[in-house]
Structures are given as C-alpha cells and as structure tokens.
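Text of query_18.csv (CSV, C-alpha atoms) as supplied:
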```csv
chain,number,residue,atom,x,y,z
A,1,MET,CA,-31.3,3.2,-15.8
A,2,ASP,CA,-31.3,0.2,-13.4
A,3,TRP,CA,-28.4,-1.2,-11.5
A,4,ASN,CA,-29.4,-4.8,-12.2
A,5,GLU,CA,-29.4,-4.1,-15.9
A,6,ILE,CA,-26.0,-2.4,-15.7
A,7,ARG,CA,-24.6,-5.5,-13.9
A,8,GLU,CA,-26.0,-7.8,-16.5
A,9,LYS,CA,-24.5,-5.8,-19.4
A,10,ALA,CA,-21.2,-5.5,-17.6
A,11,ARG,CA,-21.1,-9.3,-17.1
A,12,GLU,CA,-21.5,-9.7,-20.9
A,13,ASN,CA,-18.9,-7.1,-21.8
A,14,MET,CA,-16.3,-8.3,-19.2
A,15,LYS,CA,-16.3,-11.7,-20.8
A,16,GLY,CA,-16.2,-13.7,-17.6
A,17,TYR,CA,-13.5,-11.7,-15.9
A,18,CYS,CA,-16.3,-10.3,-13.7
A,19,ARG,CA,-19.6,-12.0,-13.1
A,20,GLY,CA,-21.4,-8.8,-12.1
A,21,CYS,CA,-22.6,-10.5,-8.9
A,22,LYS,CA,-25.7,-9.2,-7.1
A,23,ARG,CA,-23.4,-8.6,-4.2
A,24,CYS,CA,-19.7,-7.9,-5.0
A,25,ASP,CA,-18.1,-9.8,-2.2
A,26,GLY,CA,-15.2,-11.6,-3.7
A,27,ILE,CA,-16.6,-15.1,-3.2
A,28,ALA,CA,-17.4,-16.1,-6.8
A,29,CYS,CA,-14.1,-14.7,-8.1
A,30,ALA,CA,-11.8,-15.8,-5.3
A,31,GLY,CA,-8.3,-16.2,-6.5
A,32,GLU,CA,-8.9,-14.9,-9.9
A,33,VAL,CA,-5.9,-12.6,-10.4
A,34,PRO,CA,-5.6,-11.5,-13.2
A,35,GLY,CA,-9.3,-10.9,-13.0
A,36,MET,CA,-11.4,-9.0,-10.4
A,37,GLY,CA,-10.9,-11.3,-7.5
A,38,GLY,CA,-8.7,-11.4,-4.4
A,39,THR,CA,-5.3,-13.1,-4.5
A,40,GLY,CA,-4.7,-16.6,-3.3
A,41,THR,CA,-7.8,-17.9,-1.5
A,42,GLY,CA,-9.4,-14.5,-2.0
A,43,ASN,CA,-9.7,-14.0,1.8
A,44,GLY,CA,-8.4,-10.4,1.8
A,45,PHE,CA,-11.1,-9.3,-0.5
A,46,ILE,CA,-13.8,-11.3,1.2
A,47,GLU,CA,-12.7,-10.1,4.6
A,48,ASN,CA,-13.1,-6.5,3.6
A,49,VAL,CA,-16.8,-7.1,3.0
A,50,LYS,CA,-17.2,-9.3,6.1
A,51,ALA,CA,-15.5,-6.6,8.3
A,52,LEU,CA,-18.0,-4.0,7.2
A,53,ASP,CA,-20.9,-6.4,7.8
A,54,ARG,CA,-19.9,-6.8,11.4
A,55,TRP,CA,-20.4,-3.1,12.2
A,56,LYS,CA,-24.1,-2.0,12.8
A,57,VAL,CA,-25.9,1.3,13.1
A,58,LYS,CA,-28.9,2.3,15.3
A,59,LEU,CA,-32.1,3.4,13.7
A,60,LYS,CA,-33.3,6.8,15.0
A,61,THR,CA,-36.3,8.7,13.8
A,62,LEU,CA,-37.2,11.0,16.8
A,63,HIS,CA,-35.2,14.0,15.7
A,64,ASP,CA,-35.2,17.1,13.5
A,65,VAL,CA,-32.8,16.0,10.8
A,66,LEU,CA,-34.6,16.5,7.5
A,67,LYS,CA,-31.9,17.5,5.0
A,68,PRO,CA,-28.5,16.0,5.8
A,69,ASP,CA,-25.4,17.7,4.4
A,70,ILE,CA,-23.3,15.0,2.6
A,71,THR,CA,-20.7,17.5,1.3
A,72,THR,CA,-17.1,17.5,2.6
A,73,SER,CA,-13.8,19.3,2.0
A,74,LEU,CA,-10.7,17.5,0.8
A,75,PHE,CA,-7.3,19.0,-0.1
A,76,GLY,CA,-8.9,22.4,0.1
A,77,PHE,CA,-11.7,21.6,-2.3
A,78,GLN,CA,-15.4,21.2,-1.5
A,79,VAL,CA,-16.9,18.0,-2.9
A,80,LYS,CA,-20.5,17.0,-3.1
A,81,MET,CA,-20.1,13.6,-1.5
A,82,PRO,CA,-17.4,11.7,0.5
A,83,VAL,CA,-17.1,9.1,-2.2
A,84,LEU,CA,-14.2,9.1,-4.6
A,85,ALA,CA,-13.3,7.0,-7.6
A,86,ALA,CA,-10.4,4.7,-6.7
A,87,PRO,CA,-7.4,4.4,-9.0
A,88,MET,CA,-7.9,1.3,-11.3
A,89,THR,CA,-5.7,0.0,-14.1
A,90,GLY,CA,-5.0,-3.2,-16.0
A,91,LEU,CA,-8.3,-3.4,-17.9
A,92,LYS,CA,-7.1,-5.8,-20.5
A,93,GLY,CA,-5.8,-8.4,-18.0
A,94,ASN,CA,-8.4,-7.8,-15.3
A,95,ALA,CA,-11.6,-6.9,-17.1
A,96,GLY,CA,-11.3,-8.5,-20.6
A,97,GLY,CA,-10.2,-5.5,-22.6
A,98,TYR,CA,-13.6,-4.3,-23.6
A,99,LEU,CA,-12.5,-0.8,-22.6
A,100,SER,CA,-9.0,0.7,-23.1
A,101,GLU,CA,-7.2,2.4,-20.2
A,102,ARG,CA,-7.9,5.8,-21.8
A,103,GLU,CA,-11.5,5.1,-22.5
A,104,TYR,CA,-12.0,4.0,-18.9
A,105,ASP,CA,-10.1,7.0,-17.3
A,106,MET,CA,-11.9,9.5,-19.5
A,107,MET,CA,-15.4,8.3,-18.7
A,108,VAL,CA,-14.7,8.0,-15.0
A,109,ALA,CA,-13.1,11.5,-14.9
A,110,GLU,CA,-16.1,13.0,-16.8
A,111,ALA,CA,-18.5,11.2,-14.4
A,112,CYS,CA,-16.7,12.4,-11.3
A,113,LYS,CA,-16.7,16.0,-12.6
A,114,ASN,CA,-20.4,15.8,-13.4
A,115,VAL,CA,-21.3,14.6,-9.9
A,116,GLY,CA,-18.9,16.8,-8.1
A,117,THR,CA,-16.3,14.4,-6.7
A,118,ILE,CA,-12.7,13.4,-7.0
A,119,PHE,CA,-11.2,11.2,-9.7
A,120,MET,CA,-8.1,9.1,-9.0
A,121,SER,CA,-6.0,7.5,-11.7
A,122,GLY,CA,-3.5,4.7,-11.5
A,123,ASP,CA,-0.1,3.4,-12.6
A,124,ALA,CA,1.2,-0.1,-13.6
A,125,ASN,CA,3.7,-1.9,-15.8
A,126,ASP,CA,2.2,-0.7,-19.1
A,127,LYS,CA,3.9,2.7,-19.8
A,128,ASP,CA,0.6,4.2,-21.1
A,129,MET,CA,-1.4,3.6,-17.9
A,130,TYR,CA,-0.1,6.6,-16.0
A,131,PRO,CA,-0.4,9.1,-18.9
A,132,ALA,CA,-4.0,7.9,-19.6
A,133,GLY,CA,-5.1,9.2,-16.2
A,134,ILE,CA,-3.0,12.4,-16.6
A,135,ASP,CA,-4.6,13.1,-19.9
A,136,ALA,CA,-8.1,12.5,-18.5
A,137,ILE,CA,-7.4,15.1,-15.7
A,138,LYS,CA,-6.1,17.6,-18.3
A,139,SER,CA,-8.9,17.3,-20.7
A,140,THR,CA,-11.8,17.3,-18.3
A,141,GLY,CA,-10.6,19.7,-15.6
A,142,VAL,CA,-11.9,17.2,-12.9
A,143,LEU,CA,-10.5,17.4,-9.4
A,144,GLY,CA,-7.9,14.7,-10.1
A,145,ILE,CA,-5.3,12.7,-8.1
A,146,PRO,CA,-2.9,10.5,-10.0
A,147,PHE,CA,-1.2,7.6,-8.1
A,148,SER,CA,2.2,6.2,-8.8
A,149,LYS,CA,3.3,2.7,-7.9
A,150,PRO,CA,6.1,2.6,-5.3
A,151,ARG,CA,8.9,3.1,-7.9
A,152,THR,CA,12.3,4.6,-7.1
A,153,VAL,CA,12.1,8.0,-5.3
A,154,GLU,CA,13.4,9.7,-8.4
A,155,GLU,CA,10.7,8.2,-10.6
A,156,ILE,CA,8.0,9.1,-8.1
A,157,ILE,CA,9.2,12.7,-8.0
A,158,GLU,CA,9.1,12.9,-11.8
A,159,LYS,CA,5.6,11.5,-11.9
A,160,ALA,CA,4.5,14.0,-9.3
A,161,LYS,CA,5.9,16.8,-11.5
A,162,ILE,CA,3.8,15.5,-14.4
A,163,ALA,CA,0.7,15.5,-12.1
A,164,LYS,CA,1.3,19.0,-11.0
A,165,GLU,CA,1.6,20.2,-14.6
A,166,ALA,CA,-1.7,18.5,-15.4
A,167,GLY,CA,-3.5,20.4,-12.7
A,168,ALA,CA,-3.9,17.6,-10.2
A,169,VAL,CA,-5.0,18.6,-6.7
A,170,ALA,CA,-2.8,16.0,-4.9
A,171,PHE,CA,-0.5,13.1,-5.7
A,172,GLY,CA,-0.5,9.6,-4.4
A,173,VAL,CA,1.8,6.5,-4.0
A,174,ASP,CA,0.3,3.0,-4.0
A,175,VAL,CA,2.7,1.7,-1.4
A,176,ASP,CA,0.8,-1.6,-1.2
A,177,GLY,CA,2.0,-2.3,-4.7
A,178,ALA,CA,5.5,-3.0,-3.2
A,179,GLY,CA,5.4,-6.7,-4.0
A,180,LEU,CA,3.8,-6.6,-7.4
A,181,ILE,CA,5.6,-9.5,-9.2
A,182,MET,CA,4.3,-8.5,-12.6
A,183,MET,CA,6.1,-5.2,-12.4
A,184,ILE,CA,9.3,-6.7,-11.1
A,185,LYS,CA,9.3,-9.3,-13.8
A,186,SER,CA,8.9,-6.6,-16.4
A,187,GLY,CA,12.1,-4.9,-15.2
A,188,GLN,CA,10.4,-2.1,-13.3
A,189,PHE,CA,11.3,-1.4,-9.7
A,190,VAL,CA,8.7,-1.4,-7.0
A,191,GLY,CA,9.4,-1.8,-3.3
A,192,PRO,CA,8.7,-0.7,0.3
A,193,LYS,CA,9.5,2.9,1.3
A,194,SER,CA,11.4,3.9,4.4
A,195,ARG,CA,10.5,7.0,6.4
A,196,LYS,CA,13.5,8.8,5.0
A,197,GLU,CA,12.4,8.1,1.4
A,198,ILE,CA,8.9,9.3,2.2
A,199,GLU,CA,10.4,12.5,3.6
A,200,MET,CA,12.4,13.0,0.5
A,201,ILE,CA,9.3,12.7,-1.7
A,202,VAL,CA,7.4,15.2,0.5
A,203,GLU,CA,10.2,17.6,0.3
A,204,ASN,CA,10.6,17.4,-3.5
A,205,ILE,CA,7.1,17.6,-4.8
A,206,GLU,CA,4.7,20.5,-5.0
A,207,LEU,CA,1.5,18.6,-4.3
A,208,PRO,CA,0.0,17.1,-1.1
A,209,LEU,CA,1.2,13.5,-0.8
A,210,ILE,CA,-1.2,10.6,-0.2
A,211,LEU,CA,0.0,7.1,0.8
A,212,LYS,CA,-2.4,4.3,-0.2
A,213,GLY,CA,-2.0,0.9,1.5
A,214,ILE,CA,-1.7,1.7,5.2
A,215,MET,CA,-3.1,-1.0,7.4
A,216,THR,CA,-1.5,-0.4,10.9
A,217,ALA,CA,-1.5,2.5,13.4
A,218,GLU,CA,2.3,2.3,13.5
A,219,GLU,CA,2.7,3.0,9.8
A,220,ALA,CA,-0.1,5.6,9.8
A,221,MET,CA,2.0,7.5,12.4
A,222,ILE,CA,5.2,7.1,10.3
A,223,ALA,CA,3.3,8.7,7.4
A,224,ALA,CA,2.0,11.6,9.5
A,225,GLU,CA,5.4,12.3,11.0
A,226,ALA,CA,7.0,12.2,7.5
A,227,GLY,CA,4.8,15.0,6.3
A,228,VAL,CA,2.2,13.1,4.3
A,229,LYS,CA,-1.1,14.9,3.9
A,230,ALA,CA,-3.4,11.9,3.8
A,231,ILE,CA,-3.4,8.1,3.9
A,232,VAL,CA,-5.7,5.5,2.4
A,233,VAL,CA,-6.4,2.6,4.7
A,234,SER,CA,-6.3,-0.2,2.1
A,235,ASN,CA,-5.2,-3.8,1.4
A,236,HIS,CA,-5.3,-3.1,-2.3
A,237,GLY,CA,-8.7,-4.8,-2.5
A,238,GLY,CA,-7.2,-8.0,-1.2
A,239,ARG,CA,-5.2,-8.3,-4.4
A,240,VAL,CA,-1.6,-8.2,-3.2
A,241,LEU,CA,-1.5,-10.3,0.1
A,242,ASP,CA,-3.8,-13.1,1.1
A,243,HIS,CA,-5.4,-13.3,4.6
A,244,THR,CA,-5.1,-9.6,5.6
A,245,MET,CA,-7.5,-8.0,8.0
A,246,GLY,CA,-10.5,-6.1,6.7
A,247,THR,CA,-10.0,-2.4,6.4
A,248,ALA,CA,-13.1,-1.7,8.6
A,249,ASP,CA,-11.5,-3.6,11.4
A,250,VAL,CA,-8.2,-1.8,11.4
A,251,LEU,CA,-9.6,1.7,10.6
A,252,PRO,CA,-10.6,2.6,14.2
A,253,ASP,CA,-7.1,2.1,15.6
A,254,ILE,CA,-5.5,4.0,12.8
A,255,THR,CA,-7.8,7.0,13.1
A,256,LYS,CA,-7.4,7.0,16.9
A,257,ALA,CA,-3.6,7.0,16.5
A,258,VAL,CA,-3.3,9.9,14.0
A,259,GLY,CA,-6.2,12.1,15.3
A,260,ASP,CA,-6.4,15.2,13.2
A,261,LYS,CA,-2.8,15.1,12.1
A,262,ILE,CA,-3.7,13.9,8.6
A,263,ASP,CA,-6.8,13.0,6.6
A,264,VAL,CA,-7.7,9.3,6.7
A,265,LEU,CA,-9.4,7.8,3.6
A,266,VAL,CA,-10.4,4.2,3.2
A,267,ASP,CA,-11.4,1.6,0.6
A,268,GLY,CA,-12.3,-2.1,0.7
A,269,GLY,CA,-15.8,-3.6,0.3
A,270,VAL,CA,-17.7,-0.3,0.2
A,271,ARG,CA,-20.7,-0.8,-2.0
A,272,THR,CA,-23.6,1.2,-0.7
A,273,GLY,CA,-24.4,4.4,1.1
A,274,ILE,CA,-24.7,2.7,4.5
A,275,ASP,CA,-21.2,1.2,3.9
A,276,VAL,CA,-20.0,4.8,3.4
A,277,LEU,CA,-21.7,5.9,6.6
A,278,LYS,CA,-20.1,3.1,8.6
A,279,MET,CA,-16.6,3.9,7.4
A,280,LEU,CA,-17.1,7.6,8.2
A,281,SER,CA,-18.4,6.6,11.7
A,282,LEU,CA,-15.2,4.5,12.1
A,283,GLY,CA,-13.2,7.7,11.5
A,284,ALA,CA,-12.6,8.0,7.8
A,285,LYS,CA,-12.9,11.4,6.1
A,286,ALA,CA,-14.0,9.8,2.8
A,287,VAL,CA,-14.1,6.5,1.0
A,288,LEU,CA,-12.7,5.2,-2.3
A,289,ILE,CA,-14.7,2.8,-4.5
A,290,GLY,CA,-13.2,0.7,-7.2
A,291,ARG,CA,-14.8,-2.5,-8.5
A,292,PRO,CA,-18.4,-1.2,-8.7
A,293,ILE,CA,-17.3,1.8,-10.7
A,294,MET,CA,-15.4,-0.6,-13.0
A,295,ILE,CA,-18.6,-2.6,-13.4
A,296,ALA,CA,-20.7,0.5,-14.1
A,297,ALA,CA,-18.2,1.6,-16.8
A,298,HIS,CA,-18.6,-1.8,-18.5
A,299,GLY,CA,-22.3,-1.8,-18.1
A,300,GLY,CA,-23.2,1.6,-19.4
A,301,GLY,CA,-20.2,4.0,-19.6
A,302,ARG,CA,-20.2,7.4,-18.1
A,303,GLU,CA,-23.9,7.6,-17.5
A,304,ALA,CA,-23.9,4.3,-15.6
A,305,ILE,CA,-20.9,5.5,-13.4
A,306,GLU,CA,-22.9,8.7,-12.6
A,307,PHE,CA,-26.0,6.6,-11.9
A,308,TYR,CA,-24.0,4.5,-9.4
A,309,LEU,CA,-22.3,7.4,-7.7
A,310,ASN,CA,-25.6,9.2,-7.3
A,311,LYS,CA,-27.2,6.0,-6.1
A,312,VAL,CA,-24.6,5.7,-3.3
A,313,ALA,CA,-25.0,9.4,-2.5
A,314,ASP,CA,-28.8,9.0,-2.2
A,315,GLU,CA,-28.3,5.9,0.0
A,316,LEU,CA,-26.0,7.9,2.3
A,317,TYR,CA,-28.5,10.7,2.5
A,318,GLN,CA,-31.2,8.3,3.5
A,319,ALA,CA,-29.0,6.5,6.0
A,320,MET,CA,-28.1,9.8,7.6
A,321,ILE,CA,-31.8,10.7,8.0
A,322,LEU,CA,-32.5,7.4,9.6
A,323,THR,CA,-29.6,7.7,12.1
A,324,GLY,CA,-30.2,11.3,13.0
A,325,CYS,CA,-27.0,12.5,11.3
A,326,LYS,CA,-27.2,16.1,10.1
A,327,ASP,CA,-23.7,16.3,8.5
A,328,LEU,CA,-20.4,14.5,8.2
A,329,LYS,CA,-19.0,16.2,11.3
A,330,ASN,CA,-21.7,14.5,13.4
A,331,VAL,CA,-21.7,10.9,12.2
A,332,PRO,CA,-23.5,8.3,14.4
A,333,GLU,CA,-21.8,5.7,16.5
A,334,VAL,CA,-21.5,2.2,15.1
A,335,TYR,CA,-21.5,-1.1,17.0
A,336,LYS,CA,-19.6,-4.3,16.4
A,337,ALA,CA,-21.8,-7.4,16.3
A,338,SER,CA,-20.6,-10.2,18.6
```
Give the structure from the file, written as structure tokens.
Amino acid sequence: MDWNEIREKARENMKGYCRGCKRCDGIACAGEVPGMGGTGTGNGFIENVKALDRWKVKLKTLHDVLKPDITTSLFGFQVKMPVLAAPMTGLKGNAGGYLSEREYDMMVAEACKNVGTIFMSGDANDKDMYPAGIDAIKSTGVLGIPFSKPRTVEEIIEKAKIAKEAGAVAFGVDVDGAGLIMMIKSGQFVGPKSRKEIEMIVENIELPLILKGIMTAEEAMIAAEAGVKAIVVSNHGGRVLDHTMGTADVLPDITKAVGDKIDVLVDGGVRTGIDVLKMLSLGAKAVLIGRPIMIAAHGGGREAIEFYLNKVADELYQAMILTGCKDLKNVPEVYKAS
C-alpha cells in the first residue's frame, strides 16, 4: 500500500470535495465549507500548517537512543502512540457521501483498535451522527471518546450517559462548535458555555470530561479550575472562525499556564511524525488527526487508515532517534524560525 495511491483513490471517491493534495495545507480548498477547507478565506486552516512549519528541531546523532518508546498513557489507559483519530462528521456534505457516517466510524474505530490508539467520534445536526460513533465503540470495544456539540447542559449530560453505557473511556464537548449556523438553523441549540455550566456538566457525568476548542491560556485555566480532565487546543481545523492563530503558536502559552493540572491535547495541521514530535515538544500530551484519516478512509478503508497511522508512528520513531529522544517524557526542544 502506498500513500500516493491512497490519495489518488480518495480524490476519485470524494468527487471533488477533497483534492487529495500532496500536502494537505488548506490552500487548494480555501473557503470550501461545506467541503474539506477552512471557512472564509481559509486562513485558519492554512495558519495551522504554517504555524507548525515555523517550529524547527535540531538533528542529533551522537547519543545512545536506539529504540525510542512512543507509547503514552491517556485517561488511565496505555496507548501505542500519541496519535488519536479526531472526531469527524458530515461526510455527505463535506466529503461527497461515498461513505456513510456509520461506515466511516466503524472503519476508523476498527483501525484504531488494531493499531492500539484512541478513536473519537462526533456529533452534528443529523440525529444519526452521534449514535453512529456510539455503536462503533460498542461493537469494536475500541478505546473510544464520543464528542457532543455544545448543546444545552441537559442534552450534554444525556449524551454523556449514553457514552458511559457504551463503554467510552471519556467524553468530550466540541465547545468550538458554539457558532455553527447549520445547527442553529436546524432548530438545535448550540452556544458558548460558562464556567458554571462546565462545572454542572463535570458534576453530573461519570466520565472524564474533555473540552475541545480551547485557544487561550485564560480559557484553559477556566477549564482546569472547573474540573475538566483534558482540553484539546483546536480552532476546529479552521472551519468555524476565519483568521484565527495556528494551534502550534498558542500551545506553548496554554501548556505553561495549566502545567500538570490537566492533560493538553492538540490538533490542527498535524500530518507527519515530525509534526507530532513538534506538538509534543510544545507541551501537548498527544495529538488528534482528522483530514488525513478521512482521506485514508476514502482511499482504502480500514487498511489505509491503519497504514497511515502506522506511517505516522514510524516517522515519529525515526524523528525521535534523530533528535536523541528516548521517550515522550524527554522530548527535544524546538526552535521558532525568525
């Protein structure tokens, strides 16, 4: 199996919704929402990739690191790589409808279980999107984390209960979906969450809570003080607000602010193992990857997803050897290019 062949097949199956670019950087698909691009000018998506590009590593080969350990622990579970499948929905409108929500969730869940990492599922205006992820977690037994959009507190608590019953290891809220017009127009409430509301959710669910869509140190501290277990530094792939900063640029201030109070995860522009290592060096515990996994699914199904995840893991392993990094507790320093 070859990544270029997977991309070409995905381009065909996604019917123009994604071009399967050699580098998935948001330029060719700028403004294509619905579609795989970033909203408006596409700057938020593009900036995620540029922000990662600005950080550099130092090549080191005079050391004794021969077999780096790329495993990590999340939510009390050992995973084989610090790379998780991001929650993705809306395949019909964003990817052409070649795969149904259930087909996609099932193949990603199976792939994540097979490679030993965590599967995350999403939520949106279609009432079947959340159950599709829940059913994938139930049927595969994968380490799974369903995400709810920022609905009413009562609706979120109910979705967390469903997640618990399905055997999920944690539960998330996509707080950066607060301004999703498509959901508001369909008569479904989404909106920002106050600290008091977050505390209510924490107090009334039986799973660790993750907030996805944190982009400032101030809001990271609010989440930590409200009892949240983890945050995802994310601008929703640049799909909800134009001209946001790249996640790699805001990550250091956020991780410095919260210290070891909560786990900090991150997404946005991560494509390769060296991208993963950079994000870890900037303070993240693990990364989420979305668009490339969507491309893999459309280019070769479960096997292609496993191929891609293992490819990223191999690249991370190699990058750790070439930076003298023996494990994820001893990541190398990174340097911002001027």
From (-18.4, 22.0, 2.4), in the file's coordinates, out to 6 Å: which residues are reached, counting all atoms listed in the file? Answer as a ChimeraX atom specification. /A:71-73,78
CA of Ile254 (chain A) and CA of Gly133 (chain A), how far apart in Å?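 Between these atoms lies a distance of 29.5 Å.
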Would you compute the distance between CA of Trp55 (chain A) and CA of Tyr335 (chain A)? Give it in Å to one decimal.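 Taking CA of Trp55 (chain A) as the start and CA of Tyr335 (chain A) as the end point, the length is 5.3 Å.
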Measuring between all atoms listed in the file, which one of A:Gly20, A:Gly238, A:Pro150, A:Gly290 shows the shortest distance to Met120 (chain A)? A:Gly290
For a test of reading the model, state the distance in Å between CA of Asn125 (chain A) and CA of Met183 (chain A), rounded to one decimal.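 Interatomic distance, CA of Asn125 (chain A) to CA of Met183 (chain A): 5.3 Å.
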Could you check the closest approach to Val228 (chain A) for each of A:Ile210, A:Met106, A:Ile6, A:Val276 and tell me which residue wins, using all atoms listed in the file?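 Of all the options, A:Ile210 lies closest to Val228 (chain A).
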Residues near Leu277 (chain A), anyone? I mean within 12 Å using all atoms listed in the file, not counting same-chain ones fewer than 5 positions away, as a PyMOL selection string. chain A and resi 52+55-58+70+81-83+248+266+270-272+282-287+312-325+327-334
Which residue is closest to Arg19 (chain A)? Choose from A:Lys326, A:Lys336, A:Lys196, A:Arg291 and count all atoms listed in the file. A:Arg291
Could you pull out every residue with an atom within 7 Å of (-23.3, 0.4, -9.1), file coordinates, counting only C-alpha atoms, and send them as a ChimeraX atom specification? /A:3,292-293,296,308
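Nearest residue to Met279 (chain A) among A:Asp135, A:Asp53, A:Asp128, A:Glu47 is A:Asp53, counting all atoms listed in the file.
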If you count only C-alpha atoms, the residue of A:Gly97, A:Gly167, A:Gly40, A:Pro146 closest to Ser121 (chain A) turns out to be A:Pro146
Using all atoms listed in the file, which of A:Gly259, A:Gly273, A:Gly268, A:Pro208 sits nearest Gly76 (chain A)? A:Pro208
Per-residue nearest contacts of region 146-201 of chain A to region 22-33 of chain A (12 Å; all atoms listed in the file) as a Markdown table:
```
| residue | atom | partner | partner_atom | distance |
| --- | --- | --- | --- | --- |
| A:Leu180 | CA | A:Val33 | CA | 11.8 |
| A:Ile181 | CA | A:Val33 | CA | 12.0 |
| A:Met182 | CA | A:Val33 | CA | 11.2 |
```
